[in-house]
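Quick look at model_35.txt (compact mmCIF, C-alpha atoms):
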# COMPACT_ATOMS: atom_id res chain seq x y z
CA MET A 1369 51.47 -38.92 -3.23
CA ASP A 1370 51.91 -42.28 -1.47
CA GLN A 1371 50.72 -44.43 -4.37
CA PRO A 1372 50.58 -43.93 -8.13
CA ALA A 1373 47.13 -42.67 -9.11
CA LYS A 1374 46.24 -45.70 -11.20
CA LEU A 1375 43.09 -47.71 -10.50
CA ASN A 1376 42.89 -51.49 -10.74
CA ALA A 1377 42.46 -51.89 -14.50
CA ASP A 1378 40.69 -54.77 -16.34
CA SER A 1379 38.53 -55.70 -13.34
CA LEU A 1380 35.11 -55.58 -15.08
CA GLY A 1381 33.68 -57.06 -18.26
CA ILE A 1382 30.45 -56.30 -20.14
CA VAL A 1383 28.22 -58.46 -17.89
CA GLU A 1384 29.58 -56.96 -14.68
CA SER A 1385 29.28 -53.47 -16.14
CA VAL A 1386 25.63 -53.97 -17.14
CA ILE A 1387 24.87 -55.25 -13.65
CA MET A 1388 26.57 -52.16 -12.23
CA GLY A 1389 24.49 -49.90 -14.46
CA ILE A 1390 21.23 -51.54 -13.40
CA ALA A 1391 22.24 -51.64 -9.74
CA GLY A 1392 23.21 -47.98 -9.94
CA THR A 1393 19.65 -47.03 -10.79
CA ALA A 1394 18.24 -49.71 -8.46
CA PRO A 1395 14.90 -50.54 -10.14
CA ALA A 1396 13.14 -51.71 -6.97
CA TYR A 1397 14.34 -48.70 -5.00
CA SER A 1398 13.43 -46.23 -7.77
CA VAL A 1399 9.94 -47.70 -8.11
CA GLU A 1400 9.44 -47.65 -4.35
CA ILE A 1401 10.53 -44.08 -3.72
CA THR A 1402 9.31 -42.32 -6.87
CA THR A 1403 6.17 -44.03 -8.18
CA SER A 1404 3.67 -42.37 -5.88
CA THR A 1405 5.28 -38.98 -6.50
CA ILE A 1406 5.14 -39.17 -10.28
CA ILE A 1407 1.59 -40.56 -10.32
CA GLY A 1408 0.56 -37.81 -7.92
CA THR A 1409 2.07 -35.30 -10.37
CA ALA A 1410 1.28 -36.70 -13.81
CA GLY A 1411 -1.58 -39.14 -13.07
CA THR A 1412 -2.29 -41.65 -15.81
CA LEU A 1413 0.18 -39.84 -18.07
CA SER A 1414 3.03 -41.09 -15.88
CA PRO A 1415 4.02 -43.75 -18.47
CA ALA A 1416 4.29 -41.02 -21.11
CA SER A 1417 6.48 -38.99 -18.78
CA ILE A 1418 8.76 -41.99 -18.20
CA LEU A 1419 8.88 -42.68 -21.95
CA VAL A 1420 9.81 -39.13 -22.96
CA CYS A 1421 12.38 -38.69 -20.20
CA GLY A 1422 13.80 -42.10 -21.04
CA LEU A 1423 14.38 -40.94 -24.62
CA ILE A 1424 16.06 -37.81 -23.27
CA MET A 1425 18.26 -39.99 -21.08
CA PHE A 1426 19.20 -42.06 -24.14
CA GLY A 1427 20.54 -38.83 -25.64
CA ILE A 1428 22.66 -38.34 -22.51
CA ALA A 1429 23.70 -42.00 -22.66
CA TYR A 1430 25.01 -41.39 -26.18
CA ALA A 1431 26.88 -38.36 -24.84
CA PHE A 1432 28.56 -40.56 -22.21
CA ILE A 1433 29.30 -43.31 -24.74
CA ASN A 1434 30.86 -40.90 -27.24
CA MET A 1435 32.82 -38.86 -24.71
CA ASN A 1436 34.13 -42.05 -23.09
CA ARG A 1437 35.53 -43.08 -26.48
CA ALA A 1438 37.32 -39.74 -26.65
CA LEU A 1439 38.60 -39.98 -23.06
CA ALA A 1440 38.01 -42.92 -20.72
CA SER A 1441 38.13 -41.35 -17.26
CA ALA A 1442 36.81 -42.17 -13.81
CA GLY A 1443 35.82 -38.50 -13.59
CA THR A 1444 33.27 -38.75 -16.47
CA SER A 1445 31.31 -35.47 -16.56
CA TYR A 1446 34.00 -33.57 -14.65
CA SER A 1447 36.75 -34.72 -17.02
CA TRP A 1448 34.77 -34.24 -20.23
CA VAL A 1449 33.30 -30.84 -19.40
CA SER A 1450 36.76 -29.70 -18.31
CA MET A 1451 38.20 -30.92 -21.60
CA VAL A 1452 35.57 -29.10 -23.69
CA PHE A 1453 34.51 -26.02 -21.69
CA GLY A 1454 37.40 -25.48 -19.26
CA ARG A 1455 38.33 -26.63 -15.77
CA SER A 1456 36.10 -24.23 -13.85
CA LEU A 1457 32.87 -25.43 -15.45
CA GLY A 1458 34.18 -28.98 -15.29
CA PHE A 1459 34.79 -28.56 -11.57
CA PHE A 1460 31.14 -27.61 -11.00
CA ALA A 1461 29.91 -30.53 -13.15
CA GLY A 1462 31.88 -32.90 -10.92
CA TRP A 1463 30.92 -31.02 -7.75
CA ALA A 1464 27.20 -31.34 -8.55
CA LEU A 1465 27.66 -35.11 -8.77
CA LEU A 1466 29.54 -35.22 -5.46
CA VAL A 1467 26.81 -33.22 -3.70
CA LEU A 1468 23.92 -35.22 -5.11
CA CYS A 1469 25.61 -38.50 -4.11
CA CYS A 1470 25.68 -37.25 -0.51
CA VAL A 1471 22.05 -36.06 -0.66
CA PHE A 1472 21.12 -39.36 -2.30
CA MET A 1473 22.23 -41.14 0.87
CA VAL A 1474 19.26 -39.55 2.65
CA SER A 1475 16.62 -40.43 0.05
CA ALA A 1476 18.12 -43.90 -0.47
CA MET A 1477 18.16 -44.91 3.17
CA ILE A 1478 14.72 -43.54 4.13
CA PRO A 1479 12.81 -46.29 2.22
CA ALA A 1480 15.14 -48.91 3.74
CA ALA A 1481 14.40 -47.60 7.22
CA ASN A 1482 10.68 -47.32 6.46
CA ALA A 1483 10.65 -50.88 5.17
CA THR A 1484 12.39 -52.14 8.31
CA LEU A 1485 9.81 -50.48 10.53
CA LEU A 1486 7.03 -51.81 8.29
CA ILE A 1487 8.26 -55.33 9.05
CA PHE A 1488 9.04 -54.99 12.75
CA ASN A 1489 7.00 -52.08 14.11
CA ARG A 1490 4.44 -50.74 11.65
CA PRO A 1491 3.13 -47.83 13.81
CA LEU A 1492 6.64 -46.30 13.88
CA MET A 1493 7.15 -46.19 10.11
CA ASN A 1494 6.49 -42.42 9.93
CA ASN A 1495 8.52 -41.49 13.01
CA VAL A 1496 11.32 -39.27 11.71
CA HIS A 1497 13.84 -40.06 14.46
CA TYR A 1498 13.38 -43.84 14.34
CA VAL A 1499 13.58 -43.79 10.53
CA THR A 1500 16.76 -41.72 10.63
CA LEU A 1501 18.39 -44.08 13.14
CA ILE A 1502 17.59 -47.22 11.15
CA ALA A 1503 18.55 -45.52 7.87
CA ALA A 1504 22.04 -44.96 9.24
CA ALA A 1505 22.27 -48.63 10.27
CA TRP A 1506 21.30 -49.82 6.78
CA LEU A 1507 24.30 -47.94 5.31
CA THR A 1508 26.45 -50.96 6.25
CA ILE A 1509 24.51 -53.71 4.42
CA VAL A 1510 25.22 -55.36 1.01
CA GLU A 1511 23.57 -56.39 -2.40
CA GLY A 1512 20.42 -55.78 -4.50
CA VAL A 1513 17.88 -57.60 -6.83
CA ILE A 1514 14.75 -57.63 -8.98
CA LEU A 1515 10.99 -58.36 -8.63
CA LEU A 1516 10.06 -60.47 -11.69
CA ALA A 1517 7.43 -62.60 -9.90
CA ILE A 1518 5.38 -59.52 -8.95
CA ILE A 1519 5.40 -58.24 -12.54
CA VAL A 1520 4.25 -61.56 -14.01
CA ALA A 1521 1.53 -62.08 -11.41
CA SER A 1522 0.31 -58.50 -11.82
CA PHE A 1523 -0.42 -58.94 -15.51
CA PHE A 1524 -2.42 -62.08 -14.74
CA VAL A 1525 -4.45 -60.56 -11.89
CA PHE A 1526 -4.83 -56.78 -12.17
CA PRO A 1527 -6.30 -56.39 -15.70
CA HIS A 1528 -9.44 -58.28 -14.60
CA ALA A 1529 -10.31 -55.66 -11.97
CA ALA A 1530 -8.21 -52.65 -12.91
CA GLN A 1531 -8.28 -49.63 -10.60
CA HIS A 1532 -7.40 -47.44 -13.62
CA PRO A 1533 -8.72 -49.01 -16.87
CA PHE A 1534 -5.81 -49.42 -19.28
CA SER A 1535 -5.51 -46.98 -22.17
CA TRP A 1536 -2.86 -46.42 -24.82
CA ASP A 1537 -3.34 -42.72 -24.09
CA TRP A 1538 -1.18 -43.30 -21.01
CA PHE A 1539 1.83 -43.34 -23.37
CA TRP A 1540 0.84 -40.34 -25.52
CA PRO A 1541 3.35 -37.51 -24.83
CA PHE A 1542 1.29 -34.82 -26.55
CA ALA A 1543 -1.51 -35.12 -24.00
CA PHE A 1544 0.52 -33.07 -21.50
CA THR A 1545 0.12 -29.41 -20.78
CA PRO A 1546 3.58 -27.73 -20.61
CA LYS A 1547 3.30 -27.20 -16.86
CA LEU A 1548 2.18 -30.77 -16.15
CA PHE A 1549 4.98 -32.19 -18.29
CA ALA A 1550 7.67 -30.03 -16.66
CA ASN A 1551 6.50 -30.97 -13.16
CA GLY A 1552 6.49 -34.68 -13.95
CA ALA A 1553 9.77 -34.59 -15.88
CA LEU A 1554 11.98 -33.73 -12.92
CA VAL A 1555 10.59 -36.73 -11.04
CA ALA A 1556 10.84 -39.01 -14.08
CA ILE A 1557 14.49 -38.04 -14.53
CA PHE A 1558 15.15 -39.19 -10.97
CA PHE A 1559 13.91 -42.67 -11.97
CA PHE A 1560 16.81 -43.10 -14.38
CA TYR A 1561 19.61 -41.65 -12.29
CA GLY A 1562 22.58 -43.93 -11.60
CA TRP A 1563 23.22 -45.89 -14.82
CA ASP A 1564 26.27 -43.70 -15.59
CA VAL A 1565 28.26 -45.41 -12.83
CA THR A 1566 29.42 -47.83 -15.56
CA LEU A 1567 31.42 -44.94 -17.07
CA ASN A 1568 32.89 -43.94 -13.70
CA LEU A 1569 34.36 -47.44 -13.64
CA SER A 1570 35.79 -47.18 -17.16
CA GLU A 1571 39.41 -47.13 -15.96
CA GLU A 1572 38.72 -50.41 -14.15
CA THR A 1573 36.96 -52.05 -17.12
CA ARG A 1574 38.34 -54.22 -19.92
CA ASP A 1575 38.34 -52.30 -23.22
CA SER A 1576 37.72 -49.09 -21.30
CA ASN A 1577 36.75 -47.01 -24.34
CA ARG A 1578 33.92 -49.31 -25.50
CA THR A 1579 32.69 -51.75 -22.83
CA PRO A 1580 31.36 -49.11 -20.37
CA GLY A 1581 29.40 -47.39 -23.13
CA ARG A 1582 27.82 -50.64 -24.32
CA ALA A 1583 26.92 -51.46 -20.71
CA ALA A 1584 25.31 -48.03 -20.26
CA PHE A 1585 23.21 -48.50 -23.41
CA TRP A 1586 21.85 -51.92 -22.43
CA SER A 1587 21.27 -50.79 -18.87
CA MET A 1588 19.11 -47.97 -20.22
CA VAL A 1589 17.14 -50.36 -22.43
CA PHE A 1590 16.38 -52.59 -19.47
CA LEU A 1591 15.51 -49.70 -17.16
CA MET A 1592 13.12 -48.01 -19.57
CA VAL A 1593 11.18 -51.25 -20.10
CA PHE A 1594 11.17 -52.05 -16.38
CA PHE A 1595 9.94 -48.63 -15.27
CA LEU A 1596 7.23 -48.46 -17.93
CA VAL A 1597 5.97 -51.91 -16.96
CA PHE A 1598 5.93 -51.14 -13.24
CA ILE A 1599 4.16 -47.80 -13.63
CA VAL A 1600 1.47 -49.59 -15.66
CA ILE A 1601 1.20 -52.29 -12.98
CA THR A 1602 0.78 -49.66 -10.27
CA LEU A 1603 -1.96 -47.87 -12.19
CA LEU A 1604 -3.78 -51.13 -12.90
CA GLY A 1605 -3.50 -52.53 -9.39
CA LEU A 1606 -3.77 -49.60 -6.98
CA SER A 1607 -6.30 -46.82 -6.58
CA ASP A 1608 -5.21 -43.21 -6.17
CA ALA A 1609 -5.98 -43.43 -2.45
CA GLU A 1610 -3.88 -46.57 -2.06
CA ILE A 1611 -0.96 -45.02 -3.95
CA GLN A 1612 -1.05 -41.97 -1.72
CA HIS A 1613 -1.42 -44.04 1.46
CA TYR A 1614 1.44 -46.45 0.80
CA ASN A 1615 3.71 -43.70 -0.63
CA THR A 1616 7.22 -45.24 -0.37
CA ASN A 1617 5.84 -48.77 0.13
CA ILE A 1618 4.31 -49.27 -3.34
CA ILE A 1619 5.96 -52.65 -3.91
CA PHE A 1620 4.71 -53.90 -0.55
CA ALA A 1621 1.18 -52.77 -1.45
CA ILE A 1622 1.24 -54.55 -4.81
CA ALA A 1623 2.73 -57.76 -3.42
CA GLU A 1624 0.27 -57.77 -0.51
CA LYS A 1625 -2.64 -57.38 -2.94
CA LEU A 1626 -1.36 -60.20 -5.14
CA PHE A 1627 -0.12 -62.75 -2.62
CA GLY A 1628 -1.32 -61.65 0.82
CA PRO A 1629 0.40 -59.96 3.78
CA THR A 1630 3.21 -62.51 4.21
CA TRP A 1631 4.49 -62.13 0.66
CA GLY A 1632 4.10 -58.38 0.94
CA TYR A 1633 6.71 -58.44 3.68
CA VAL A 1634 8.94 -60.77 1.64
CA ALA A 1635 8.84 -58.27 -1.22
CA ILE A 1636 10.18 -55.61 1.13
CA ILE A 1637 13.43 -57.57 1.31
CA ALA A 1638 13.93 -56.91 -2.40
CA VAL A 1639 13.58 -53.19 -1.73
CA LEU A 1640 16.13 -53.32 1.07
CA LEU A 1641 18.59 -55.25 -1.08
CA SER A 1642 18.05 -52.97 -4.04
CA THR A 1643 18.58 -49.93 -1.82
CA VAL A 1644 21.85 -51.34 -0.56
CA GLY A 1645 22.87 -52.00 -4.17
CA THR A 1646 22.27 -48.41 -5.19
CA VAL A 1647 24.05 -47.06 -2.10
CA GLU A 1648 27.09 -49.17 -3.02
CA THR A 1649 27.14 -47.90 -6.58
CA GLN A 1650 26.64 -44.31 -5.41
CA MET A 1651 29.73 -44.73 -3.27
CA LEU A 1652 31.61 -45.94 -6.34
CA GLN A 1653 30.41 -42.96 -8.37
CA PHE A 1654 31.30 -40.50 -5.63
CA THR A 1655 34.73 -41.94 -4.89
CA ARG A 1656 35.77 -42.22 -8.56
CA THR A 1657 34.73 -38.63 -9.27
CA LEU A 1658 36.49 -37.36 -6.15
CA PHE A 1659 39.55 -39.44 -7.08
CA ALA A 1660 39.69 -38.02 -10.62
CA LYS A 1661 39.32 -34.42 -9.42
CA SER A 1662 42.04 -34.88 -6.82
CA ARG A 1663 44.34 -36.64 -9.29
CA ASP A 1664 44.04 -33.63 -11.59
CA GLY A 1665 44.73 -31.20 -8.75
CA ALA A 1666 41.20 -29.77 -8.66
CA LEU A 1667 40.87 -30.92 -5.03
CA HIS A 1668 43.37 -31.94 -2.36
CA GLU A 1669 45.58 -34.82 -3.44
CA ARG A 1670 44.67 -36.89 -0.34
CA TYR A 1671 41.47 -38.09 -2.04
CA ALA A 1672 43.46 -39.59 -4.92
CA ARG A 1673 45.45 -41.86 -2.63
CA LEU A 1674 44.80 -45.52 -3.32
CA HIS A 1675 44.69 -48.49 -1.02
CA PRO A 1676 48.02 -50.31 -1.44
CA ARG A 1677 46.38 -53.69 -2.04
CA TRP A 1678 42.96 -53.03 -3.57
CA ARG A 1679 43.93 -49.98 -5.65
CA THR A 1680 40.75 -48.11 -4.69
CA PRO A 1681 40.39 -44.55 -3.30
CA HIS A 1682 39.74 -45.64 0.29
CA ILE A 1683 39.95 -42.17 1.87
CA ALA A 1684 37.16 -40.96 -0.42
CA ILE A 1685 34.98 -43.86 0.78
CA PHE A 1686 35.25 -42.70 4.41
CA PHE A 1687 34.43 -39.17 3.29
CA ILE A 1688 31.06 -40.05 1.71
CA TRP A 1689 30.18 -42.37 4.59
CA ILE A 1690 30.66 -39.54 7.11
CA ALA A 1691 28.90 -37.00 4.87
CA GLY A 1692 25.93 -39.34 4.38
CA LEU A 1693 25.54 -39.89 8.10
CA ALA A 1694 25.74 -36.15 8.74
CA LEU A 1695 23.00 -35.40 6.22
CA LEU A 1696 20.81 -38.15 7.67
CA LEU A 1697 21.20 -36.56 11.09
CA MET A 1698 20.27 -33.14 9.70
CA SER A 1699 17.23 -34.58 7.89
CA SER A 1700 15.84 -35.83 11.20
CA TYR A 1701 14.92 -32.22 12.04
CA LEU A 1702 12.54 -31.94 9.07
CA PRO A 1703 8.88 -32.35 10.11
CA THR A 1704 7.81 -35.45 8.18
CA ILE A 1705 9.16 -38.35 6.13
CA ASN A 1706 7.30 -37.10 3.05
CA VAL A 1707 9.01 -33.71 3.32
CA ILE A 1708 12.44 -35.37 3.54
CA LEU A 1709 11.76 -37.49 0.46
CA GLN A 1710 10.15 -34.75 -1.61
CA ASP A 1711 12.91 -32.24 -0.87
CA SER A 1712 15.72 -34.72 -1.53
CA ILE A 1713 14.18 -36.06 -4.77
CA THR A 1714 13.61 -32.60 -6.26
CA ALA A 1715 17.02 -31.32 -5.14
CA ILE A 1716 18.72 -34.37 -6.63
CA GLY A 1717 16.66 -33.96 -9.82
CA PHE A 1718 17.94 -30.41 -10.20
CA GLN A 1719 21.57 -31.51 -9.71
CA ILE A 1720 21.12 -34.41 -12.13
CA CYS A 1721 19.87 -31.98 -14.77
CA PHE A 1722 22.90 -29.74 -14.18
CA TYR A 1723 25.74 -32.23 -14.56
CA LEU A 1724 24.09 -34.45 -17.19
CA GLY A 1725 22.97 -31.37 -19.14
CA LEU A 1726 26.55 -30.05 -19.22
CA THR A 1727 27.74 -33.45 -20.45
CA GLY A 1728 25.20 -33.47 -23.29
CA LEU A 1729 26.24 -29.99 -24.39
CA ALA A 1730 29.94 -30.87 -24.12
CA CYS A 1731 29.42 -33.90 -26.37
CA GLY A 1732 27.52 -31.86 -28.96
CA TRP A 1733 30.25 -29.22 -29.07
CA TYR A 1734 33.17 -31.68 -29.07
CA TYR A 1735 31.75 -33.67 -31.98
CA ARG A 1736 30.25 -30.72 -33.89
CA LYS A 1737 32.33 -31.49 -36.98
CA THR A 1738 30.50 -34.82 -37.41
CA LEU A 1739 27.37 -32.91 -38.48
CA THR A 1740 28.60 -33.22 -42.06
CA GLN A 1741 29.63 -36.88 -41.80
CA GLY A 1742 26.23 -38.51 -42.18
CA PRO A 1743 22.85 -38.44 -40.43
CA TRP A 1744 23.59 -41.21 -37.89
CA LEU A 1745 26.73 -39.54 -36.55
CA ALA A 1746 25.03 -36.14 -36.61
CA VAL A 1747 22.10 -37.44 -34.53
CA THR A 1748 23.95 -39.64 -32.01
CA HIS A 1749 27.03 -37.45 -31.52
CA VAL A 1750 25.63 -33.92 -31.74
CA LEU A 1751 21.89 -33.36 -32.13
CA TRP A 1752 20.45 -35.90 -29.67
CA PRO A 1753 23.00 -35.31 -26.86
CA ALA A 1754 22.87 -31.51 -27.24
CA ALA A 1755 19.05 -31.41 -27.41
CA SER A 1756 18.89 -33.63 -24.30
CA GLY A 1757 21.27 -31.27 -22.51
CA VAL A 1758 19.16 -28.23 -23.41
CA PHE A 1759 16.02 -30.06 -22.28
CA LEU A 1760 17.53 -30.90 -18.89
CA PHE A 1761 18.55 -27.30 -18.30
CA PHE A 1762 15.08 -26.13 -19.31
CA ILE A 1763 13.42 -28.52 -16.85
CA ALA A 1764 15.78 -27.46 -14.06
CA LEU A 1765 15.24 -23.74 -14.59
CA TYR A 1766 11.48 -24.14 -15.08
CA SER A 1767 11.21 -26.01 -11.78
CA ILE A 1768 13.08 -23.51 -9.59
CA PRO A 1769 10.01 -21.34 -8.81
CA THR A 1770 8.16 -24.45 -7.62
CA PHE A 1771 10.83 -25.38 -5.05
CA ASP A 1772 10.50 -24.59 -1.35
CA TRP A 1773 13.44 -22.96 0.43
CA VAL A 1774 14.92 -26.27 1.61
CA THR A 1775 15.01 -27.67 -1.93
CA ASN A 1776 16.54 -24.46 -3.26
CA VAL A 1777 19.23 -24.45 -0.57
CA VAL A 1778 20.10 -28.11 -1.13
CA GLY A 1779 19.64 -28.17 -4.92
CA MET A 1780 21.14 -24.88 -6.09
CA GLY A 1781 23.06 -23.98 -2.93
CA GLY A 1782 24.79 -27.34 -2.96
CA ILE A 1783 26.23 -26.55 -6.40
CA VAL A 1784 27.06 -22.89 -5.71
CA ILE A 1785 28.94 -23.71 -2.51
CA GLY A 1786 31.43 -25.57 -4.70
CA ALA A 1787 32.99 -22.16 -5.38
CA ILE A 1788 34.55 -22.32 -1.89
CA PRO A 1789 36.67 -25.48 -2.38
CA LEU A 1790 37.44 -24.36 -5.95
CA LEU A 1791 38.91 -21.03 -4.78
CA LEU A 1792 40.58 -22.47 -1.67
CA ASN A 1793 42.28 -25.18 -3.70
CA ARG A 1794 43.50 -22.66 -6.24
CA ARG A 1795 44.95 -20.52 -3.47
CA ARG A 1796 46.66 -23.59 -1.99
CA ILE A 1797 48.21 -24.46 -5.35
CA TRP A 1798 49.27 -20.88 -6.07
CA GLY A 1799 50.71 -20.55 -2.58
CA ALA A 1800 52.77 -23.72 -3.06
CA ARG A 1801 54.38 -22.49 -6.28
CA PRO A 1802 57.92 -21.18 -5.90
CA THR A 1803 58.26 -17.44 -6.42
CA SER A 1804 60.75 -16.17 -8.98
CA SER A 1805 63.75 -14.30 -7.61

Written form, structure tokens:
Amino acid sequence: MDQPAKLNADSLGIVESVIMGIAGTAPAYSVEITTSTIIGTAGTLSPASILVCGLIMFGIAYAFINMNRALASAGTSYSWVSMVFGRSLGFFAGWALLVLCCVFMVSAMIPAANATLLIFNRPLMNNVHYVTLIAAAWLTIVEGVILLAIIVASFFVFPHAAQHPFSWDWFWPFAFTPKLFANGALVAIFFFYGWDVTLNLSEETRDSNRTPGRAAFWSMVFLMVFFLVFIVITLLGLSDAEIQHYNTNIIFAIAEKLFGPTWGYVAIIAVLLSTVGTVETQMLQFTRTLFAKSRDGALHERYARLHPRWRTPHIAIFFIWIAGLALLLMSSYLPTINVILQDSITAIGFQICFYLGLTGLACGWYYRKTLTQGPWLAVTHVLWPAASGVFLFFIALYSIPTFDWVTNVVGMGGIVIGAIPLLLNRRRIWGARPTSS
């Protein structure tokens, strides 16, 4: 290998890591792309769905925190599942993350493209080919931020003429039927995806065994509060018809209602910036996972090569950029923007459940001996992570019959196809070994 496989250590502190965790989930982007879908699925019980799935994600966050203390690795789920359950299962945990990062490029850039057309040429905002073209262009832009002014103004304005009268029943998880909860859960899980990038950067973080875990925890606290607040704002401020009409332009609709058309367009800038932020962090997550797998010999060693100056896996960056553009081009042949978004969100949700679920189960098994060392350790190291892992697998399996063929091909097929590089790489390694005379 040209360069030692050692990333640029001590680059990030706790503040930078928390920012990475929040940017990885991209609050503005997540609200924009997912709010109408979850409200269309769970209705006024959407806050309860976010609350329950947030608690499940806290269980997975504890799994990441605890496993990172055992082994700080840029490969996160891949490395930990390999350590606990073997390299084959670990390979598929890492492969699922690689695939969903590529698919995420499609769902991430569609709202950016839609928002651009909303500003410059509103009648074209549902034209698949124009959206695809502009989505590809937005892959090159930088940074992301938050929408505090809209939240504050909403709580002053919307309660006086609420479209959905507020009720504490919105947060009551036992009001669900099993089917309604399962359908909403896969979408709610998508809300939270991305905070674990802080752990992918553990080898580049000061105090790598503790700082990334603390950052992941506080990122989750912020995200749960933010998403709950924004779902409530949406229910208070927009009617069901408005939510359905604006679809991936929910923030624009709220800002327009609060401040008028001009400020609605200004709010779109926050969505574009947030989208760019999450694309950047997805690239970090993809490249660090690919780097770790290649460093271990699970994939070709070329992807573990580091830039001589910046000490980053630069070849892996070009790989996801090309893969993202290819998937965007393929998505342009789907009939509508809504189909692209729905298929990509549900496929990503399935893959999230797979690799995070394996991580939760790996944590529970690795720390199983702590069950006798006190209730706090038993809950945070074994019971909560393992129960969260089981829940994620249940949601994924329960949802399969509801998927169309595109979602099944992308969601499950994207994971299964990992068997090809796994077997090819093993043959390459075996073929390179010297034979005994």

- Message: Ranking A:Ala1440, A:Ala1621, A:Leu1419, A:Val1467 by minimum distance to A:Ile1716 and counting only C-alpha atoms, which one comes first?
- Response: A:Val1467

- Quick one: distance from atom CA of A:Pro1769 to atom CA of A:Val1420 in Å, one decimal? 22.7 Å

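Straight-line separation from atom CA of A:Ala1623 to atom CA of A:Ala1396: 12.6 Å.
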
- Quick one: everything within 9 Å of A:Trp1538, counting all atoms listed in the file, minus sequence neighbours fewer than 3 positions away in the same chain. Send it as a ChimeraX atom specification. /A:1411-1416,1534-1535,1541,1543,1600

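Distance check against A:Leu1658 using all atoms listed in the file: of A:Cys1731, A:Leu1423, A:Leu1465, A:Ala1691, the minimum falls on A:Leu1465.
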
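Remark: for A:Leu1724, the closest of the candidate residues A:Phe1472, A:Phe1654, A:Phe1426, A:Phe1659 is A:Phe1426 (distances computed over only C-alpha atoms).
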
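The protein and nucleic acid residues lying at most 9 Å from A:Met1780 are Ala1715, Phe1718, Gln1719, Ile1768, Thr1775, Asn1776, Val1777, Val1778, Gly1782, Ile1783, Val1784 and Ile1785 of chain A, with all atoms listed in the file considered and sequence neighbours fewer than 2 positions away removed.
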
Give one line per residue of stretch 1528-1560 of chain A that approaches stretch 1603-1616 of chain A to at most 6 Å, naming the two atoms of the closest pair and their distance in Å to one decimal, counting all atoms listed in the file; sort by chain then ascending residue number and deliver it as a Markdown table.
| residue | atom | partner | partner_atom | distance |
| --- | --- | --- | --- | --- |
| A:Ala1530 | CA | A:Leu1604 | CA | 4.7 |
| A:Gln1531 | CA | A:Leu1604 | CA | 5.3 |
| A:His1532 | CA | A:Leu1604 | CA | 5.2 |

- Item | Which of A:Val1774, A:Val1386, A:Ala1442, A:Leu1567 sits closest to A:Asp1664 [using only C-alpha atoms] | A:Ala1442

- Message: Please report the interatomic distance between atom CA of A:Arg1582 and atom CA of A:Phe1598 in Å with one decimal.
- Response: 24.5 Å

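Minimum atom-to-atom distance to A:Trp1752, evaluated using all atoms listed in the file, belongs to A:Gly1728 out of A:Gly1728, A:Pro1546, A:Gly1422, A:Pro1629.
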
For stretch 1623-1631 of chain A, supply N, CA, C and O atoms and format the output as a PDB file, in the frame of the given file.
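That gives us out_39.pdb:
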ATOM      1  N   ALA A1623       2.501 -56.360  -3.805  1.00  0.00           N
ATOM      2  CA  ALA A1623       2.730 -57.760  -3.420  1.00  0.00           C
ATOM      3  C   ALA A1623       1.678 -58.248  -2.438  1.00  0.00           C
ATOM      4  O   ALA A1623       1.204 -59.385  -2.529  1.00  0.00           O
ATOM      5  N   GLU A1624       1.290 -57.399  -1.488  1.00  0.00           N
ATOM      6  CA  GLU A1624       0.270 -57.770  -0.510  1.00  0.00           C
ATOM      7  C   GLU A1624      -1.063 -58.030  -1.211  1.00  0.00           C
ATOM      8  O   GLU A1624      -1.793 -58.966  -0.862  1.00  0.00           O
ATOM      9  N   LYS A1625      -1.377 -57.204  -2.214  1.00  0.00           N
ATOM     10  CA  LYS A1625      -2.640 -57.380  -2.940  1.00  0.00           C
ATOM     11  C   LYS A1625      -2.628 -58.654  -3.780  1.00  0.00           C
ATOM     12  O   LYS A1625      -3.663 -59.315  -3.954  1.00  0.00           O
ATOM     13  N   LEU A1626      -1.472 -59.013  -4.290  1.00  0.00           N
ATOM     14  CA  LEU A1626      -1.360 -60.200  -5.140  1.00  0.00           C
ATOM     15  C   LEU A1626      -1.289 -61.492  -4.333  1.00  0.00           C
ATOM     16  O   LEU A1626      -1.965 -62.471  -4.643  1.00  0.00           O
ATOM     17  N   PHE A1627      -0.462 -61.501  -3.297  1.00  0.00           N
ATOM     18  CA  PHE A1627      -0.120 -62.750  -2.620  1.00  0.00           C
ATOM     19  C   PHE A1627      -0.523 -62.811  -1.147  1.00  0.00           C
ATOM     20  O   PHE A1627      -0.361 -63.850  -0.507  1.00  0.00           O
ATOM     21  N   GLY A1628      -0.991 -61.682  -0.597  1.00  0.00           N
ATOM     22  CA  GLY A1628      -1.320 -61.650   0.820  1.00  0.00           C
ATOM     23  C   GLY A1628      -0.227 -60.994   1.640  1.00  0.00           C
ATOM     24  O   GLY A1628       0.868 -60.725   1.145  1.00  0.00           O
ATOM     25  N   PRO A1629      -0.519 -60.731   2.927  1.00  0.00           N
ATOM     26  CA  PRO A1629       0.400 -59.960   3.780  1.00  0.00           C
ATOM     27  C   PRO A1629       1.796 -60.549   3.903  1.00  0.00           C
ATOM     28  O   PRO A1629       2.785 -59.828   3.886  1.00  0.00           O
ATOM     29  N   THR A1630       1.890 -61.888   4.018  1.00  0.00           N
ATOM     30  CA  THR A1630       3.210 -62.510   4.210  1.00  0.00           C
ATOM     31  C   THR A1630       4.144 -62.193   3.056  1.00  0.00           C
ATOM     32  O   THR A1630       5.300 -61.785   3.252  1.00  0.00           O
ATOM     33  N   TRP A1631       3.652 -62.377   1.834  1.00  0.00           N
ATOM     34  CA  TRP A1631       4.490 -62.130   0.660  1.00  0.00           C
ATOM     35  C   TRP A1631       4.738 -60.646   0.445  1.00  0.00           C
ATOM     36  O   TRP A1631       5.721 -60.255  -0.169  1.00  0.00           O
TER      37      TRP A1631
END
